[in-house]
file protein_20.cif (mmCIF, C-alpha atoms and all ligand atoms)
data_structure
#
loop_
_atom_site.label_atom_id
_atom_site.label_comp_id
_atom_site.auth_asym_id
_atom_site.auth_seq_id
_atom_site.Cartn_x
_atom_site.Cartn_y
_atom_site.Cartn_z
CA MET T 14 42.30 70.52 51.19
CA SER T 15 44.50 72.79 49.09
CA LEU T 16 47.42 74.85 50.43
CA GLN T 17 45.42 77.94 49.64
CA GLN T 18 42.50 76.78 51.80
CA ILE T 19 44.86 75.96 54.68
CA TYR T 20 46.32 79.47 54.33
CA TYR T 21 42.90 81.12 54.63
CA ILE T 22 41.80 78.94 57.55
CA THR T 23 44.96 79.62 59.60
CA LYS T 24 45.35 83.29 58.56
CA PRO T 25 43.16 84.82 61.33
CA PHE T 26 45.31 83.10 64.00
CA VAL T 27 48.74 84.14 62.69
CA PRO T 28 50.09 87.66 63.35
CA ASP T 29 50.27 89.81 60.21
CA THR T 30 53.97 90.44 60.71
CA LEU T 31 54.69 86.70 60.53
CA LEU T 32 52.75 86.34 57.30
CA LEU T 33 54.21 89.41 55.67
CA GLN T 34 57.91 88.53 55.72
CA PRO T 35 57.59 85.30 53.69
CA ARG T 36 55.39 87.15 51.23
CA ARG T 37 58.11 89.76 50.81
CA TRP T 38 60.77 87.12 50.16
CA ARG T 39 58.51 85.45 47.65
CA ALA T 40 57.73 88.75 45.93
CA ARG T 41 61.39 89.63 45.61
CA LEU T 42 62.14 86.27 44.01
CA LEU T 43 59.21 86.59 41.63
CA GLU T 44 60.26 90.09 40.66
CA ARG T 45 63.65 88.73 39.64
CA TRP T 46 62.22 85.74 37.77
CA HIS T 47 59.76 87.90 35.87
CA ARG T 48 62.01 90.84 35.08
CA HIS T 49 61.36 90.33 31.33
CA ASP T 50 57.57 90.00 31.45
CA TRP T 51 56.47 92.14 34.38
CA PRO T 52 55.12 94.79 34.75
CA ALA T 53 54.72 94.80 30.94
CA CYS T 54 54.57 91.55 29.04
CA PRO T 55 55.50 91.64 25.33
CA GLY T 56 52.59 90.50 23.18
CA THR T 57 49.85 91.69 25.54
CA GLU T 58 49.66 94.98 23.65
CA LYS T 59 48.26 93.29 20.54
CA LYS T 60 44.97 94.97 19.61
CA PRO T 61 41.69 93.04 19.43
CA HIS T 62 40.91 92.05 15.86
CA GLY T 63 38.70 94.76 14.40
CA TRP T 64 39.59 97.27 17.05
CA CYS T 65 38.57 100.82 16.06
CA GLY T 66 39.94 102.72 19.01
CA TRP T 67 38.53 104.50 22.05
CA PRO T 68 35.71 107.04 21.93
CA HIS T 69 36.62 110.63 21.04
CA ALA T 70 39.82 109.31 19.46
CA LYS T 71 41.48 109.18 22.87
CA ARG T 72 44.85 107.56 23.07
CA PHE T 73 44.10 105.23 25.96
CA ALA T 74 41.36 104.46 28.49
CA LEU T 75 41.61 104.98 32.23
CA VAL T 76 39.56 103.15 34.86
CA LEU T 77 40.25 103.54 38.57
CA THR T 78 39.02 101.00 41.12
CA HIS T 79 39.41 100.32 44.84
CA ASP T 80 38.86 97.20 46.90
CA VAL T 81 37.83 97.84 50.49
CA GLU T 82 39.18 94.82 52.38
CA GLY T 83 38.10 95.49 55.96
CA PRO T 84 36.76 98.03 58.48
CA LYS T 85 39.99 100.07 58.31
CA GLY T 86 39.57 100.47 54.58
CA LEU T 87 35.98 101.55 55.07
CA GLU T 88 37.13 104.17 57.57
CA ARG T 89 39.68 105.56 55.10
CA CYS T 90 37.45 105.38 52.07
CA ARG T 91 35.91 108.83 52.43
CA GLU T 92 39.26 110.59 52.64
CA MET T 93 40.59 108.64 49.67
CA LEU T 94 37.60 109.44 47.46
CA GLU T 95 37.68 113.11 48.43
CA LEU T 96 41.37 113.28 47.54
CA GLU T 97 40.68 111.53 44.26
CA ARG T 98 37.86 113.89 43.46
CA SER T 99 40.01 116.92 44.25
CA CYS T 100 42.38 115.68 41.53
CA GLY T 101 39.44 115.45 39.07
CA PHE T 102 38.97 111.65 38.99
CA ARG T 103 36.28 109.12 39.98
CA SER T 104 36.28 105.40 40.50
CA GLY T 105 34.53 102.10 41.12
CA VAL T 106 34.64 100.98 44.76
CA PHE T 107 34.26 97.27 45.54
CA PHE T 108 33.01 96.23 48.98
CA VAL T 109 33.11 92.85 50.71
CA ALA T 110 29.42 92.20 51.34
CA GLU T 111 29.51 90.36 54.69
CA ARG T 112 32.74 91.42 56.34
CA TYR T 113 31.71 94.83 57.69
CA ALA T 114 28.57 96.94 57.78
CA LEU T 115 28.01 99.08 54.72
CA SER T 116 25.03 101.38 55.17
CA ASP T 117 22.66 102.62 52.48
CA SER T 118 23.73 106.19 53.20
CA TRP T 119 27.37 105.24 52.55
CA ARG T 120 26.51 103.81 49.18
CA ASP T 121 24.36 106.86 48.39
CA TRP T 122 27.27 109.12 49.25
CA ILE T 123 29.55 107.21 46.90
CA ALA T 124 27.01 107.59 44.11
CA GLU T 125 26.76 111.33 44.85
CA MET T 126 30.54 111.53 44.47
CA GLY T 127 30.05 110.26 40.90
CA CYS T 128 31.56 106.89 41.80
CA GLU T 129 30.25 103.36 41.45
CA VAL T 130 29.71 100.55 43.95
CA GLY T 131 30.63 96.93 43.13
CA VAL T 132 30.71 93.65 45.06
CA HIS T 133 34.06 92.20 46.17
CA GLY T 134 32.89 88.76 47.24
CA LEU T 135 31.00 87.81 50.39
CA ARG T 136 33.61 87.36 53.11
CA HIS T 137 37.04 87.44 51.49
CA ASP T 138 37.89 84.09 53.05
CA GLY T 139 39.34 82.31 50.02
CA MET T 140 36.42 79.87 49.88
CA LEU T 141 34.26 81.30 47.09
CA TYR T 142 35.49 78.80 44.50
CA ARG T 143 36.16 75.92 46.90
CA SER T 144 33.58 73.78 45.12
CA ARG T 145 30.82 74.22 42.61
CA ALA T 146 28.21 73.68 45.33
CA GLU T 147 29.80 76.30 47.59
CA PHE T 148 29.93 78.79 44.73
CA GLN T 149 26.29 78.22 43.85
CA LYS T 150 25.27 78.68 47.48
CA ARG T 151 27.17 81.95 47.70
CA ALA T 152 26.06 83.08 44.24
CA ILE T 153 22.47 83.38 45.50
CA ARG T 154 23.55 85.85 48.16
CA ILE T 155 25.95 87.71 45.86
CA ARG T 156 23.15 88.21 43.34
CA ARG T 157 21.00 89.64 46.13
CA TYR T 158 23.71 92.14 47.08
CA LEU T 159 24.24 93.11 43.46
CA ALA T 160 20.52 93.85 43.15
CA ASN T 161 20.19 95.68 46.49
CA TRP T 162 23.27 97.78 45.82
CA LYS T 163 22.24 98.40 42.18
CA SER T 164 25.65 97.08 41.20
CA VAL T 165 26.50 95.49 37.88
CA GLY T 166 30.13 94.58 38.53
CA PHE T 167 32.02 92.02 40.55
CA ARG T 168 35.58 91.40 41.65
CA SER T 169 36.60 88.14 43.29
CA PRO T 170 38.57 88.32 46.52
CA SER T 171 42.30 87.73 45.97
CA MET T 172 41.70 87.77 42.21
CA HIS T 173 40.71 84.11 42.19
CA HIS T 174 38.82 83.40 39.02
CA ARG T 175 36.51 80.83 37.44
CA PRO T 176 35.21 82.76 34.42
CA ASP T 177 32.74 80.04 33.39
CA TRP T 178 31.00 80.02 36.78
CA LEU T 179 30.59 83.79 36.90
CA HIS T 180 27.76 83.70 34.36
CA GLU T 181 25.53 82.66 37.27
CA LEU T 182 25.91 86.09 38.83
CA GLY T 183 24.22 87.86 35.90
CA LEU T 184 26.95 90.47 35.69
CA GLN T 185 27.52 93.29 33.26
CA TYR T 186 31.21 92.93 33.95
CA ASP T 187 33.80 91.18 36.05
CA CYS T 188 37.21 92.57 36.93
CA SER T 189 38.95 89.68 38.71
CA THR T 190 41.73 89.25 36.17
CA PHE T 191 44.88 91.00 35.04
CA ASP T 192 47.11 91.18 31.98
CA VAL T 193 50.10 89.90 33.90
CA ASP T 194 50.65 89.64 37.66
CA PRO T 195 52.89 86.79 38.82
CA PHE T 196 52.42 87.86 42.45
CA GLN T 197 48.81 86.68 42.65
CA PRO T 198 47.87 83.33 44.19
CA GLN T 199 46.26 82.33 40.87
CA PRO T 200 48.79 83.96 38.57
CA ASP T 201 47.41 83.01 35.14
CA GLY T 202 47.11 86.39 33.44
CA VAL T 203 44.80 86.99 30.48
CA LYS T 204 47.69 88.45 28.49
CA THR T 205 45.90 91.43 27.02
CA ILE T 206 45.70 95.12 27.91
CA PHE T 207 42.19 95.35 26.45
CA PRO T 208 38.78 94.35 27.84
CA PHE T 209 37.12 91.32 26.27
CA TRP T 210 33.81 89.55 26.05
CA VAL T 211 33.22 86.25 27.87
CA SER T 212 30.46 84.33 26.08
CA GLY T 213 27.75 82.38 27.87
CA HIS T 214 25.63 79.57 26.50
CA GLU T 215 23.04 81.71 24.74
CA GLU T 216 23.45 84.20 21.93
CA ASP T 217 24.41 87.58 23.38
CA GLU T 218 24.68 86.09 26.90
CA GLY T 219 27.88 86.88 28.68
CA TYR T 220 29.78 89.61 30.42
CA VAL T 221 32.64 91.97 29.80
CA GLU T 222 35.94 91.17 31.47
CA LEU T 223 37.99 94.17 32.54
CA PRO T 224 41.52 93.04 33.43
CA TYR T 225 43.59 95.33 35.60
CA THR T 226 46.79 96.39 33.92
CA LEU T 227 48.68 98.40 36.55
CA PRO T 228 50.35 96.57 39.44
CA GLN T 229 48.44 96.52 42.73
CA ASP T 230 49.49 98.94 45.46
CA PHE T 231 49.94 96.07 47.96
CA THR T 232 52.43 94.35 45.65
CA LEU T 233 54.45 97.47 44.95
CA PHE T 234 54.54 99.25 48.27
CA ILE T 235 53.97 96.56 50.91
CA GLU T 236 55.52 93.43 49.42
CA LEU T 237 58.21 94.94 47.19
CA ARG T 238 58.64 97.96 49.47
CA GLN T 239 59.00 100.44 46.61
CA LYS T 240 59.50 104.00 47.76
CA GLY T 241 57.85 105.75 44.84
CA ILE T 242 55.58 105.34 41.84
CA ASP T 243 58.14 104.67 39.08
CA VAL T 244 56.64 101.29 38.17
CA TRP T 245 53.14 102.77 37.83
CA LYS T 246 54.50 105.57 35.63
CA ARG T 247 56.50 103.20 33.45
CA LYS T 248 53.59 100.87 32.93
CA LEU T 249 51.18 103.71 32.22
CA ASP T 250 53.55 105.10 29.58
CA TRP T 251 53.71 101.67 27.96
CA ILE T 252 49.92 101.33 27.97
CA ALA T 253 49.50 104.84 26.53
CA GLN T 254 52.03 104.03 23.82
CA ASN T 255 50.08 100.88 22.97
CA LYS T 256 46.65 102.52 23.35
CA GLY T 257 45.24 99.99 25.79
CA ILE T 258 43.28 100.32 29.01
CA ALA T 259 44.99 101.54 32.17
CA LEU T 260 43.03 99.89 34.97
CA LEU T 261 44.26 100.38 38.50
CA ILE T 262 43.31 98.75 41.82
CA THR T 263 44.25 100.39 45.07
CA HIS T 264 43.16 99.64 48.64
CA PRO T 265 42.31 102.36 51.18
CA ASP T 266 43.15 99.75 53.87
CA TYR T 267 46.85 100.18 53.08
CA MET T 268 46.87 103.96 52.57
CA ASP T 269 48.29 106.18 55.26
CA PHE T 270 46.82 109.68 55.21
CA GLY T 271 48.76 111.11 58.14
CA ASP T 272 52.21 112.59 58.54
CA ARG T 273 53.24 109.97 61.07
CA PRO T 274 55.56 107.17 59.94
CA HIS T 275 53.50 104.47 58.24
CA SER T 276 53.34 100.89 59.49
CA ARG T 277 54.66 97.82 57.67
CA ARG T 278 51.26 97.35 56.09
CA THR T 279 50.59 100.88 54.88
CA TYR T 280 52.05 103.31 52.35
CA PRO T 281 51.72 107.08 51.98
CA ALA T 282 48.41 108.02 50.33
CA ARG T 283 50.30 110.72 48.46
CA TYR T 284 51.66 107.99 46.14
CA TYR T 285 48.15 107.64 44.78
CA THR T 286 47.60 111.38 44.32
CA GLU T 287 51.07 111.74 42.78
CA PHE T 288 50.07 109.14 40.22
CA LEU T 289 46.80 110.92 39.46
CA GLU T 290 48.69 114.17 39.02
CA TYR T 291 51.17 112.42 36.71
CA ILE T 292 48.32 111.13 34.53
CA GLU T 293 46.72 114.55 34.35
CA THR T 294 49.86 116.54 33.64
CA ARG T 295 51.53 114.16 31.23
CA TYR T 296 48.44 112.99 29.34
CA ALA T 297 45.97 115.88 29.63
CA GLY T 298 43.19 115.42 27.07
CA GLN T 299 44.60 112.11 25.80
CA TYR T 300 42.70 109.57 27.87
CA TRP T 301 39.11 108.40 28.15
CA HIS T 302 38.35 108.30 31.86
CA VAL T 303 35.24 106.31 32.76
CA LEU T 304 33.77 104.16 35.50
CA PRO T 305 34.04 100.38 35.11
CA ARG T 306 30.31 100.05 34.32
CA GLU T 307 30.64 102.71 31.59
CA MET T 308 33.57 100.83 30.08
CA ALA T 309 31.57 97.58 30.16
CA SER T 310 28.61 99.26 28.54
CA PHE T 311 30.82 100.70 25.77
CA TRP T 312 32.37 97.31 25.10
CA ARG T 313 28.99 95.56 25.00
CA GLN T 314 27.50 98.16 22.63
CA THR T 315 30.49 98.09 20.31
CA ARG T 316 30.25 94.33 20.09
CA ARG T 317 26.52 94.48 19.28
CA MET T 318 27.07 97.18 16.68
CA HIS T 319 29.66 95.09 14.88
CA ALA T 320 27.41 92.04 14.89
CA ARG T 321 24.41 94.06 13.55
CA ALA T 322 26.49 95.69 10.84
CA GLU T 323 27.55 92.30 9.59
CA VAL T 324 23.99 90.98 9.46
CA ASN T 325 22.85 94.06 7.53
CA SER T 326 25.62 94.02 5.00
CA GLY T 327 25.51 90.26 4.56
CA GLU T 328 29.21 90.20 4.14
CA ALA T 329 32.32 90.60 6.18
CA LEU T 330 33.12 94.16 7.14
CA ASP T 331 36.52 95.68 6.98
CA VAL T 332 35.92 95.69 10.73
CA PRO T 333 35.21 92.03 11.53
CA SER T 334 31.91 91.29 13.22
CA GLY T 335 31.53 90.54 16.88
CA SER T 336 31.24 86.86 16.18
CA GLN T 337 34.46 86.83 14.24
CA ALA T 338 36.53 89.28 16.14
CA VAL T 339 38.72 87.22 18.39
CA ILE T 340 40.51 88.78 21.27
CA THR T 341 44.08 87.84 20.82
CA GLY T 342 45.76 85.54 23.20
CA THR T 343 42.99 84.38 25.49
CA SER T 344 40.36 81.70 25.64
CA VAL T 345 38.44 79.85 28.33
CA SER T 346 39.07 76.20 28.95
CA ARG T 347 38.66 74.09 32.05
CA GLY T 348 37.37 77.16 33.81
CA ARG T 349 40.53 79.14 33.21
CA PHE T 350 41.78 81.60 30.67
CA ASN T 351 44.28 80.14 28.25
CA PRO T 352 46.75 82.80 27.23
CA GLY T 353 48.11 82.33 23.74
CA SER T 354 45.15 80.46 22.31
CA PRO T 355 42.87 82.39 19.97
CA THR T 356 39.87 80.06 20.32
CA ALA T 357 38.02 78.71 23.28
CA GLY T 358 38.25 75.10 24.29
CA THR T 359 35.45 73.06 25.76
CA GLY T 360 35.30 73.04 29.51
CA ALA T 361 36.12 69.72 31.10
CA ASP T 362 32.85 69.94 32.98
CA GLY T 363 30.93 70.59 29.77
CA LEU T 364 29.95 74.08 30.89
CA LEU T 365 31.54 75.93 28.06
CA GLU T 366 30.77 75.98 24.40
CA PRO T 367 33.80 75.87 22.13
CA ARG T 368 33.34 79.39 20.87
CA PRO T 369 35.82 82.22 20.57
CA ARG T 370 35.79 85.08 23.00
CA THR T 371 34.88 88.12 21.05
CA LEU T 372 34.98 91.86 21.11
ZN ZN B 401 40.46 92.02 48.23
#

call {"tool": "encode", "arguments": {"input": "protein_20.cif", "output": "structure tokens", "more": "lines below"}}
Ligand SMILES: [Zn+2]
result
Amino acid sequence: MSLQQIYYITKPFVPDTLLLQPRRWRARLLERWHRHDWPACPGTEKKPHGWCGWPHAKRFALVLTHDVEGPKGLERCREMLELERSCGFRSGVFFVAERYALSDSWRDWIAEMGCEVGVHGLRHDGMLYRSRAEFQKRAIRIRRYLANWKSVGFRSPSMHHRPDWLHELGLQYDCSTFDVDPFQPQPDGVKTIFPFWVSGHEEDEGYVELPYTLPQDFTLFIELRQKGIDVWKRKLDWIAQNKGIALLITHPDYMDFGDRPHSRRTYPARYYTEFLEYIETRYAGQYWHVLPREMASFWRQTRRMHARAEVNSGEALDVPSGSQAVITGTSVSRGRFNPGSPTAGTGADGLLEPRPRTL
């Protein structure tokens, strides 16, 4: 049994306060160790080969997402989305399928708000990837939730990832990865601030991977105990300068909407609205704001268009075709992304073809 599995098994029996302090010590150490490559890692800004830019010639793309971890998060979700909407934004909301009751009317309301519903694992118990058999067992139920909720996107609990296994879910996109985030239990970042295509076995089979590129709220405000949004602003400015995707995850579970002093596990919700206001005032008209499924659809279409154009012309385009355009710095091997390698390796379990990941 791995340390991680022991952690998840004992977690329900240990008071939160006892778990939090070691996490804070660890986070502070990691922050120091990674002061040169977090929150922005040099090299991750490199554009995908053949990249033509965002629609409407926007400078950068913006995708907002939320993970609802437990019943408290569900309770606070409405207020958060209303606040977000009042600032002129919308988002993808990821729910844990079997941890709390999520009614049809709730999901309908989210759709009416112009937002999107995604699946954030089954139980958030750290066991999704425990073994291939366990994953396959859970995949059947996850696929059912995806269909019932009319969802096309998935995010693994705790950002654990096995990109080669995810093909079984029949996703349009996954968003369980990040450009760089040393604070995660599985800290291997994909080292790019652009989405990318993860190929399956068949031609055109695969899904779009949308890595998050802004630090998580829990890391900044609960673990590192930051008292403002400077890191978010700094990273956003860097992404805008490099014309990448700004993808943010926040959790209503940790947001405090009241005036009362917040607990050790919450932060003022106004941090989130302050950040939205910063985006709007500083970058008005310069960003392409879409839902995750819209971003995935754009990426998929662009890839197809490039591939078709190459077939028609019979020669290489000045924009390389989908099959040639390699996303810089990432590949899949042994079920993990390999930062720094431009081509894919063969999975140790024989599940992956040695083909490049493409735009
Ligand atoms: Zn989560």

call {"tool": "closest_residue", "arguments": {"input": "protein_20.cif", "among": "T:His47, T:Arg72, T:Arg168, T:Lys256", "to": "ligand ZN 401 (chain B)", "atoms": "only C-alpha atoms and all ligand atoms"}}
result
T:Arg168

call {"tool": "atom_distance", "arguments": {"input": "protein_20.cif", "atom1": "CA of Leu223 (chain T)", "atom2": "CA of Glu293 (chain T)"}}
result
22.2 Å

call {"tool": "closest_residue", "arguments": {"input": "protein_20.cif", "among": "T:Asp266, T:Glu111, T:Glu236, T:Asp272", "to": "Arg39 (chain T)", "atoms": "all atoms listed in the file"}}
result
T:Glu236

call {"tool": "atom_distance", "arguments": {"input": "protein_20.cif", "atom1": "CA of Ala40 (chain T)", "atom2": "CA of Pro52 (chain T)"}}
result
13.0 Å

call {"tool": "residues_near_ligand", "arguments": {"input": "protein_20.cif", "ligand": "ligand ZN 401 (chain B)", "cutoff": "7 Å", "atoms": "only C-alpha atoms and all ligand atoms", "output": "PyMOL selection string"}}
result
chain T and resi 80-82+133+137+170-171

call {"tool": "write_last_selection", "arguments": {"input": "protein_20.cif", "atoms": "C-alpha atoms", "output": "short mmCIF file (atom, residue, chain, number, x, y, z; two decimals), in the coordinates of the input"}}
result
data_model
loop_
_atom_site.label_atom_id
_atom_site.label_comp_id
_atom_site.auth_asym_id
_atom_site.auth_seq_id
_atom_site.Cartn_x
_atom_site.Cartn_y
_atom_site.Cartn_z
CA ASP T 80 38.86 97.20 46.90
CA VAL T 81 37.83 97.84 50.49
CA GLU T 82 39.18 94.82 52.38
CA HIS T 133 34.06 92.20 46.17
CA HIS T 137 37.04 87.44 51.49
CA PRO T 170 38.57 88.32 46.52
CA SER T 171 42.30 87.73 45.97
#

call {"tool": "atom_distance", "arguments": {"input": "protein_20.cif", "atom1": "CA of Leu227 (chain T)", "atom2": "CA of Leu260 (chain T)"}}
result
6.1 Å
